[in-house]
Structure formats: structure tokens, C-alpha cells
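**Q** Structure provided below as C-alpha cells; questions to follow.
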Amino acid sequence: MASENFTYSDIAKMIDHSLLNPSLTTAELEAGCDLARQYDVASVCILPYYAARSAEILADSTVVVSTTIGFPHGGHKTAVKLFETEQALADGARELDIVVNISKVRSNDWLYVEKEIEVLTALIHASEAKIKIIFENAYHDRTAKIRLCEICGSIGVDWVKTSTGYAATGATIEDLKLMRDHSPASVQVKAAGGIRTLDALLEVRAIGVTRVGASRTAEMLDDCRRRLGMNPLQDGKPSVTPAGY
């Protein structure tokens, strides 16, 4: 794709730098936040216990703190997800990535699913924060994915998101097209799981995806900078976070 089709900021502000690997040390989480600031990405998606510290590190930047709720299986009771959300907001998280109750979706208990998303969205929007609903598409058929898009659209979530990165499959082109086609324009689409190169990011961007979860942020954005005639920031150094997500 020709470089004139995007700017560095266009691409950097699509990335939620993923710091969700449970093996990450506090030193690696700290370094990951510094990397996110250096590359001026959209957000860091950080392990929940480190959200408050992340907010301190990023306070004077344009990088938002995001974290996960009900992660990675979504089976927490709604009351637990609400408590997690309240704590995350108090810690300074401004975007919350929440896993649906996968079991309830697969059981076709749509009233439960809708009510849970509704109360969580109300709480988050009341705090002027944003909500991303993780479907975990690997476990659902086409009909269920469409129904989730319709529910999220009617409630007014900010993003629908493909996956946690921990299921058998992550973001697929087929799923991303389905989610974009069946969500209103007001609901954005996030791809997570398997977006590891700039070309992969550009491919999903062309579909209408506005965010991607990525751990190979430095490699992707240094490639972007090279294509735009800018100097890379890492100069060939590996990313501070393990591959995955």
C-alpha cells in the first residue's frame, strides 16, 4: 500500500499495545508503558493490577490506559464484572475490554447477555470512559456473532472486538467483515489475536477496523516509519514484550 494513504499517527493510534501476558514482570510492564508512550499509540491494554501505575506513567501523554474485565473466559458473575469495572475506572482506565459471558451466548440466553452488556455500558459511559465488548468468536457460530453485533449496536457500546488472543483462533478477515457489516456506524471494530505485521494491520484497516490489539508494536510501527521515510525508534531492537496476543 502506498505510503501516502496513511500517516504515522493514523497507524499508531490504531494500536492498543497489549501487556496482558500473565508472565510479564513489573519491569516488563513498566517498559511496555514506556514503549507505548515512545510510539504514541492509542492505548496500553494492561494487566488490571497495574492499571493505576500505568496511569501514572502515561499521565503526561496522549496514550490512554485500557484494561480487561472478565478476562479471558467471561464467566464471572455480572456483579463481579461490575466490581472489576469500578476498580479499573478508579485506577484510571479509560477504556475497558470486557469479555461476554461465552457460556450464556452459547446457551442462547440473550436476555442475560443483553442485560449484562447494558449495565456495564451504563456504568462506563457514566464515567465518560469507553467500552469494548469481546465476543471470543472462536466459540460462536455466524448467527450468534450477528446477534451480538445487534445487541451491542442497540445498547451503544464503543467497540465490538473479535477475541482475547487466548482462544484457538483470533481475528479473521471473515469475522471482521461480518462484525463491520452487522454493526451500526457508531460502533467501531477491534481486531485482536494474530495482527503481527504492518501489512496485516493495513489489511484489516481497509475493512473498517479502527483498533488492533498487538504485542509486536515496535516492529509494526518501525516498519510504518520506514515506509514513510522516517527513522525507526527501536533501531532493530526486539520488542520488550513477548510475542503473542
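Labeling convention for the C-alpha cells: chains A, B, ... as they appear, residues from 1 per chain, ligands from 1 in order of appearance.
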Can you check which residues of region 97-168 of chain A DSSP gives as strand (DSSP E or B) on the backbone and send them as a compact mmCIF listing (two decimals) with all heavy atoms, in the first residue's frame?
**A**
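Below is the file that was written, part_26.txt:
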```
# COMPACT_ATOMS: atom_id res chain seq x y z
N ASP A 97 -12.04 -3.43 28.15
CA ASP A 97 -12.27 -4.53 27.21
C ASP A 97 -12.90 -5.68 27.99
O ASP A 97 -12.22 -6.33 28.79
CB ASP A 97 -10.95 -4.97 26.58
CG ASP A 97 -10.34 -3.92 25.64
OD1 ASP A 97 -10.44 -2.71 25.97
OD2 ASP A 97 -9.78 -4.30 24.61
N ILE A 98 -14.19 -5.92 27.74
CA ILE A 98 -14.98 -6.83 28.57
C ILE A 98 -15.38 -8.06 27.78
O ILE A 98 -15.97 -7.96 26.70
CB ILE A 98 -16.23 -6.10 29.10
CG1 ILE A 98 -15.80 -4.88 29.93
CG2 ILE A 98 -17.09 -7.06 29.92
CD1 ILE A 98 -16.96 -4.05 30.45
N VAL A 99 -15.10 -9.24 28.34
CA VAL A 99 -15.47 -10.49 27.68
C VAL A 99 -16.93 -10.81 27.99
O VAL A 99 -17.36 -10.78 29.15
CB VAL A 99 -14.58 -11.65 28.16
CG1 VAL A 99 -14.85 -12.91 27.33
CG2 VAL A 99 -13.10 -11.29 28.09
N LYS A 130 -14.87 4.40 27.84
CA LYS A 130 -15.36 3.67 26.66
C LYS A 130 -15.29 2.17 26.90
O LYS A 130 -14.46 1.68 27.66
CB LYS A 130 -14.55 4.07 25.43
CG LYS A 130 -14.75 5.53 25.05
CD LYS A 130 -13.99 5.90 23.78
CE LYS A 130 -14.23 7.37 23.41
NZ LYS A 130 -13.50 7.75 22.17
N ILE A 131 -16.18 1.46 26.20
CA ILE A 131 -16.32 0.02 26.39
C ILE A 131 -16.11 -0.72 25.09
O ILE A 131 -16.62 -0.34 24.04
CB ILE A 131 -17.70 -0.32 27.01
CG1 ILE A 131 -17.85 -1.83 27.21
CG2 ILE A 131 -18.84 0.24 26.18
CD1 ILE A 131 -19.09 -2.21 28.03
N LYS A 132 -15.32 -1.81 25.18
CA LYS A 132 -15.15 -2.73 24.07
C LYS A 132 -15.68 -4.09 24.52
O LYS A 132 -15.30 -4.58 25.59
CB LYS A 132 -13.67 -2.87 23.68
CG LYS A 132 -12.96 -1.55 23.40
CD LYS A 132 -11.52 -1.83 22.95
CE LYS A 132 -10.70 -0.55 22.85
NZ LYS A 132 -9.88 -0.32 24.05
N ILE A 133 -16.55 -4.68 23.73
CA ILE A 133 -17.11 -5.98 24.07
C ILE A 133 -16.40 -7.07 23.26
O ILE A 133 -16.43 -7.07 22.03
CB ILE A 133 -18.63 -6.03 23.81
CG1 ILE A 133 -19.37 -5.07 24.74
CG2 ILE A 133 -19.16 -7.46 23.97
CD1 ILE A 133 -19.28 -5.44 26.21
N ILE A 134 -15.77 -7.99 23.98
CA ILE A 134 -15.03 -9.09 23.35
C ILE A 134 -15.97 -10.27 23.15
O ILE A 134 -16.51 -10.81 24.11
CB ILE A 134 -13.84 -9.53 24.21
CG1 ILE A 134 -12.93 -8.33 24.54
CG2 ILE A 134 -13.06 -10.64 23.52
CD1 ILE A 134 -11.82 -8.65 25.53
N TRP A 159 -16.91 -0.25 20.95
CA TRP A 159 -16.27 -1.19 20.03
C TRP A 159 -16.85 -2.59 20.23
O TRP A 159 -17.18 -2.97 21.36
CB TRP A 159 -14.77 -1.32 20.29
CG TRP A 159 -13.88 -0.27 19.73
CD1 TRP A 159 -13.28 -0.24 18.49
CD2 TRP A 159 -13.42 0.91 20.40
NE1 TRP A 159 -12.50 0.87 18.35
CE2 TRP A 159 -12.57 1.60 19.51
CE3 TRP A 159 -13.66 1.45 21.67
CZ2 TRP A 159 -11.96 2.80 19.85
CZ3 TRP A 159 -13.06 2.64 22.00
CH2 TRP A 159 -12.21 3.30 21.10
N VAL A 160 -16.91 -3.35 19.17
CA VAL A 160 -17.03 -4.80 19.26
C VAL A 160 -15.66 -5.36 18.89
O VAL A 160 -14.98 -4.86 18.00
CB VAL A 160 -18.14 -5.35 18.34
CG1 VAL A 160 -19.51 -4.97 18.89
CG2 VAL A 160 -17.99 -4.88 16.89
N LYS A 161 -15.26 -6.40 19.59
CA LYS A 161 -13.88 -6.92 19.49
C LYS A 161 -13.92 -8.42 19.25
O LYS A 161 -14.72 -9.13 19.85
CB LYS A 161 -13.14 -6.57 20.78
CG LYS A 161 -11.71 -7.08 20.87
CD LYS A 161 -11.08 -6.62 22.18
CE LYS A 161 -9.74 -7.28 22.43
NZ LYS A 161 -9.14 -6.87 23.72
```
**Q** What's around Thr162 (chain A) at 9 Å? Count only C-alpha atoms, leave out sequence neighbours fewer than 4 positions away in its own chain, and write the answer as a PDB file with N, CA, C and O atoms, in the first residue's frame.
**A**
```
ATOM      1  N   ILE A 133     -16.554  -4.683  23.725  1.00  0.00           N
ATOM      2  CA  ILE A 133     -17.114  -5.981  24.066  1.00  0.00           C
ATOM      3  C   ILE A 133     -16.400  -7.065  23.262  1.00  0.00           C
ATOM      4  O   ILE A 133     -16.431  -7.068  22.028  1.00  0.00           O
ATOM      5  N   ILE A 134     -15.769  -7.987  23.977  1.00  0.00           N
ATOM      6  CA  ILE A 134     -15.033  -9.088  23.351  1.00  0.00           C
ATOM      7  C   ILE A 134     -15.974 -10.272  23.147  1.00  0.00           C
ATOM      8  O   ILE A 134     -16.514 -10.815  24.113  1.00  0.00           O
ATOM      9  N   PHE A 135     -16.143 -10.681  21.888  1.00  0.00           N
ATOM     10  CA  PHE A 135     -17.038 -11.793  21.577  1.00  0.00           C
ATOM     11  C   PHE A 135     -16.389 -13.160  21.835  1.00  0.00           C
ATOM     12  O   PHE A 135     -17.060 -14.094  22.203  1.00  0.00           O
ATOM     13  N   GLU A 136     -15.115 -13.273  21.587  1.00  0.00           N
ATOM     14  CA  GLU A 136     -14.385 -14.553  21.519  1.00  0.00           C
ATOM     15  C   GLU A 136     -15.016 -15.445  20.454  1.00  0.00           C
ATOM     16  O   GLU A 136     -15.618 -16.486  20.691  1.00  0.00           O
ATOM     17  N   ASN A 137     -14.859 -14.975  19.216  1.00  0.00           N
ATOM     18  CA  ASN A 137     -15.553 -15.558  18.066  1.00  0.00           C
ATOM     19  C   ASN A 137     -15.263 -17.027  17.816  1.00  0.00           C
ATOM     20  O   ASN A 137     -16.061 -17.710  17.165  1.00  0.00           O
ATOM     21  N   ALA A 138     -14.141 -17.526  18.303  1.00  0.00           N
ATOM     22  CA  ALA A 138     -13.792 -18.931  18.081  1.00  0.00           C
ATOM     23  C   ALA A 138     -14.876 -19.874  18.588  1.00  0.00           C
ATOM     24  O   ALA A 138     -15.006 -20.997  18.093  1.00  0.00           O
ATOM     25  N   GLY A 170      -7.934 -16.189  16.579  1.00  0.00           N
ATOM     26  CA  GLY A 170      -8.104 -14.783  16.930  1.00  0.00           C
ATOM     27  C   GLY A 170      -8.927 -14.070  15.886  1.00  0.00           C
ATOM     28  O   GLY A 170     -10.001 -14.519  15.499  1.00  0.00           O
ATOM     29  N   ALA A 171      -8.410 -12.948  15.411  1.00  0.00           N
ATOM     30  CA  ALA A 171      -9.120 -12.146  14.419  1.00  0.00           C
ATOM     31  C   ALA A 171      -8.996 -12.797  13.045  1.00  0.00           C
ATOM     32  O   ALA A 171      -7.898 -13.141  12.612  1.00  0.00           O
ATOM     33  N   THR A 172     -10.122 -12.974  12.374  1.00  0.00           N
ATOM     34  CA  THR A 172     -10.125 -13.458  10.994  1.00  0.00           C
ATOM     35  C   THR A 172     -10.772 -12.397  10.104  1.00  0.00           C
ATOM     36  O   THR A 172     -11.624 -11.627  10.566  1.00  0.00           O
ATOM     37  N   ASP A 175     -14.585 -12.791  10.034  1.00  0.00           N
ATOM     38  CA  ASP A 175     -15.276 -12.274  11.217  1.00  0.00           C
ATOM     39  C   ASP A 175     -15.279 -10.754  11.241  1.00  0.00           C
ATOM     40  O   ASP A 175     -16.284 -10.126  11.620  1.00  0.00           O
ATOM     41  N   LEU A 176     -14.183 -10.157  10.860  1.00  0.00           N
ATOM     42  CA  LEU A 176     -14.112  -8.693  10.877  1.00  0.00           C
ATOM     43  C   LEU A 176     -15.095  -8.085   9.882  1.00  0.00           C
ATOM     44  O   LEU A 176     -15.748  -7.079  10.181  1.00  0.00           O
ATOM     45  N   MET A 179     -18.572  -8.442  11.430  1.00  0.00           N
ATOM     46  CA  MET A 179     -18.800  -7.501  12.528  1.00  0.00           C
ATOM     47  C   MET A 179     -18.993  -6.077  12.016  1.00  0.00           C
ATOM     48  O   MET A 179     -19.829  -5.337  12.531  1.00  0.00           O
ATOM     49  N   VAL A 189     -14.907  -1.380  15.325  1.00  0.00           N
ATOM     50  CA  VAL A 189     -14.497  -2.783  15.364  1.00  0.00           C
ATOM     51  C   VAL A 189     -13.020  -2.867  15.741  1.00  0.00           C
ATOM     52  O   VAL A 189     -12.191  -2.146  15.181  1.00  0.00           O
ATOM     53  N   LYS A 190     -12.718  -3.757  16.693  1.00  0.00           N
ATOM     54  CA  LYS A 190     -11.326  -4.005  17.103  1.00  0.00           C
ATOM     55  C   LYS A 190     -10.958  -5.442  16.774  1.00  0.00           C
ATOM     56  O   LYS A 190     -11.694  -6.383  17.070  1.00  0.00           O
ATOM     57  N   ALA A 191      -9.784  -5.605  16.174  1.00  0.00           N
ATOM     58  CA  ALA A 191      -9.223  -6.925  15.873  1.00  0.00           C
ATOM     59  C   ALA A 191      -8.164  -7.266  16.900  1.00  0.00           C
ATOM     60  O   ALA A 191      -7.282  -6.451  17.181  1.00  0.00           O
ATOM     61  N   ALA A 192      -8.243  -8.463  17.456  1.00  0.00           N
ATOM     62  CA  ALA A 192      -7.234  -8.901  18.421  1.00  0.00           C
ATOM     63  C   ALA A 192      -6.927 -10.371  18.197  1.00  0.00           C
ATOM     64  O   ALA A 192      -7.827 -11.167  17.947  1.00  0.00           O
ATOM     65  N   GLY A 193      -5.651 -10.693  18.290  1.00  0.00           N
ATOM     66  CA  GLY A 193      -5.222 -12.061  18.083  1.00  0.00           C
ATOM     67  C   GLY A 193      -4.743 -12.288  16.668  1.00  0.00           C
ATOM     68  O   GLY A 193      -5.548 -12.487  15.764  1.00  0.00           O
TER      69      GLY A 193
END
```
**Q** Under the rule that only C-alpha atoms are counted, which of A:Ala27, A:Asn5, A:Asp199, A:Arg37 is the nearest residue to Asp60 (chain A)?
**A**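 Selected residue with least distance to Asp60 (chain A): A:Arg37.
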**Q** I need the alpha helix (DSSP H) residues of region 16-110 of chain A per DSSP on the backbone, written as a ChimeraX atom specification.
**A** /A:26-39,51-57,78-90,102-106,110
**Q** Could you write out the selected residues, including N, CA and C atoms, as a short mmCIF file (atom, residue, chain, number, x, y, z; two decimals), in the first residue's frame?
**A**
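The resulting file, again_15.cif, is shown below:
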```cif
data_model
loop_
_atom_site.label_atom_id
_atom_site.label_comp_id
_atom_site.auth_asym_id
_atom_site.auth_seq_id
_atom_site.Cartn_x
_atom_site.Cartn_y
_atom_site.Cartn_z
N THR A 26 6.84 -6.91 36.55
CA THR A 26 6.55 -5.48 36.70
C THR A 26 7.52 -4.64 35.90
N ALA A 27 8.77 -5.08 35.80
CA ALA A 27 9.74 -4.34 34.99
C ALA A 27 9.34 -4.34 33.53
N GLU A 28 8.82 -5.46 33.03
CA GLU A 28 8.38 -5.54 31.64
C GLU A 28 7.11 -4.71 31.41
N LEU A 29 6.22 -4.68 32.39
CA LEU A 29 5.03 -3.84 32.28
C LEU A 29 5.42 -2.36 32.22
N GLU A 30 6.37 -1.98 33.06
CA GLU A 30 6.86 -0.60 33.08
C GLU A 30 7.49 -0.25 31.73
N ALA A 31 8.32 -1.14 31.22
CA ALA A 31 8.97 -0.91 29.93
C ALA A 31 7.95 -0.85 28.81
N GLY A 32 6.90 -1.68 28.91
CA GLY A 32 5.85 -1.67 27.90
C GLY A 32 5.10 -0.35 27.87
N CYS A 33 4.85 0.22 29.02
CA CYS A 33 4.20 1.53 29.08
C CYS A 33 5.11 2.61 28.48
N ASP A 34 6.40 2.51 28.76
CA ASP A 34 7.35 3.48 28.19
C ASP A 34 7.38 3.35 26.67
N LEU A 35 7.34 2.11 26.17
CA LEU A 35 7.31 1.90 24.73
C LEU A 35 6.05 2.49 24.11
N ALA A 36 4.91 2.29 24.76
CA ALA A 36 3.65 2.83 24.26
C ALA A 36 3.70 4.35 24.17
N ARG A 37 4.31 4.98 25.18
CA ARG A 37 4.47 6.44 25.15
C ARG A 37 5.41 6.86 24.02
N GLN A 38 6.51 6.13 23.87
CA GLN A 38 7.50 6.46 22.84
C GLN A 38 6.89 6.42 21.44
N TYR A 39 6.07 5.41 21.20
CA TYR A 39 5.46 5.25 19.87
C TYR A 39 4.13 5.99 19.75
N ALA A 51 -3.00 -1.16 36.32
CA ALA A 51 -3.64 -0.02 35.64
C ALA A 51 -3.33 1.30 36.33
N ALA A 52 -3.36 1.32 37.65
CA ALA A 52 -3.11 2.58 38.36
C ALA A 52 -1.70 3.08 38.11
N ARG A 53 -0.72 2.18 38.17
CA ARG A 53 0.67 2.58 37.90
C ARG A 53 0.81 3.01 36.44
N SER A 54 0.15 2.30 35.54
CA SER A 54 0.19 2.67 34.13
C SER A 54 -0.34 4.08 33.92
N ALA A 55 -1.42 4.42 34.62
CA ALA A 55 -1.99 5.76 34.51
C ALA A 55 -0.99 6.82 34.98
N GLU A 56 -0.20 6.51 35.99
CA GLU A 56 0.82 7.44 36.45
C GLU A 56 1.91 7.63 35.38
N ILE A 57 2.35 6.52 34.81
CA ILE A 57 3.42 6.58 33.81
C ILE A 57 2.99 7.38 32.59
N THR A 78 -22.12 -11.08 36.78
CA THR A 78 -22.21 -9.67 36.40
C THR A 78 -21.75 -8.76 37.55
N ALA A 79 -22.10 -9.12 38.77
CA ALA A 79 -21.70 -8.30 39.92
C ALA A 79 -20.19 -8.22 40.04
N VAL A 80 -19.50 -9.30 39.72
CA VAL A 80 -18.04 -9.31 39.77
C VAL A 80 -17.47 -8.43 38.66
N LYS A 81 -18.05 -8.51 37.47
CA LYS A 81 -17.61 -7.66 36.37
C LYS A 81 -17.84 -6.18 36.69
N LEU A 82 -18.93 -5.89 37.35
CA LEU A 82 -19.20 -4.51 37.76
C LEU A 82 -18.16 -4.03 38.77
N PHE A 83 -17.82 -4.88 39.72
CA PHE A 83 -16.79 -4.50 40.70
C PHE A 83 -15.44 -4.28 40.02
N GLU A 84 -15.08 -5.21 39.12
CA GLU A 84 -13.83 -5.05 38.37
C GLU A 84 -13.82 -3.72 37.60
N THR A 85 -14.96 -3.40 37.01
CA THR A 85 -15.07 -2.18 36.22
C THR A 85 -14.90 -0.94 37.10
N GLU A 86 -15.57 -0.94 38.25
CA GLU A 86 -15.46 0.19 39.17
C GLU A 86 -14.01 0.39 39.61
N GLN A 87 -13.32 -0.72 39.90
CA GLN A 87 -11.93 -0.63 40.33
C GLN A 87 -11.05 -0.11 39.20
N ALA A 88 -11.27 -0.62 37.99
CA ALA A 88 -10.48 -0.19 36.84
C ALA A 88 -10.66 1.30 36.57
N LEU A 89 -11.88 1.77 36.65
CA LEU A 89 -12.15 3.19 36.45
C LEU A 89 -11.48 4.03 37.54
N ALA A 90 -11.56 3.56 38.78
CA ALA A 90 -10.91 4.28 39.88
C ALA A 90 -9.40 4.32 39.70
N ILE A 102 -19.47 -16.14 27.63
CA ILE A 102 -19.46 -17.04 26.48
C ILE A 102 -20.46 -18.17 26.66
N SER A 103 -20.55 -18.71 27.86
CA SER A 103 -21.50 -19.79 28.14
C SER A 103 -22.93 -19.35 27.88
N LYS A 104 -23.27 -18.13 28.31
CA LYS A 104 -24.63 -17.63 28.12
C LYS A 104 -24.93 -17.37 26.64
N VAL A 105 -23.93 -16.92 25.90
CA VAL A 105 -24.14 -16.74 24.45
C VAL A 105 -24.41 -18.09 23.80
N ARG A 106 -23.61 -19.09 24.14
CA ARG A 106 -23.76 -20.41 23.55
C ARG A 106 -25.04 -21.11 24.02
N TRP A 110 -30.09 -14.77 25.62
CA TRP A 110 -29.82 -13.44 25.11
C TRP A 110 -30.25 -12.34 26.07
#
```
**Q** Smallest atom-to-atom distance to Pro72 (chain A): which of A:Ala218, A:Leu58, A:Gly208, A:Tyr166, using only C-alpha atoms?
**A**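 Among the listed residues, the smallest separation from Pro72 (chain A) belongs to A:Tyr166.
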**Q** Choose the residue, out of A:Thr143, A:Phe6, A:Arg196, A:Asp40, that has the smallest atom-to-atom separation from Val212 (chain A); count only C-alpha atoms.
**A** A:Arg196
**Q** Applying 6 Å and only C-alpha atoms, which residues near Ala129 (chain A) remain after dropping the ones on its own chain fewer than 2 positions away? List them as JSON, numbers by chain.
**A** {"A": [94, 95, 124, 125, 127]}
**Q** Taking C-alpha atoms for each residue, export the selection above as a PDB file, in the first residue's frame.
**A**
```pdb
ATOM      1  CA  ARG A  94     -10.456   4.966  30.302  1.00  0.00           C
ATOM      2  CA  GLU A  95     -11.198   2.022  28.009  1.00  0.00           C
ATOM      3  CA  ILE A 124     -18.626   3.018  31.919  1.00  0.00           C
ATOM      4  CA  HIS A 125     -20.319   5.753  29.920  1.00  0.00           C
ATOM      5  CA  SER A 127     -17.669   7.788  33.900  1.00  0.00           C
TER       6      SER A 127
END
```
**Q** Nearest to Leu202 (chain A) among A:Glu116, A:Asp223, A:Glu174, A:Asp158, with distances taken over only C-alpha atoms: which residue is it?
**A**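 Of all the options, A:Asp223 lies closest to Leu202 (chain A).
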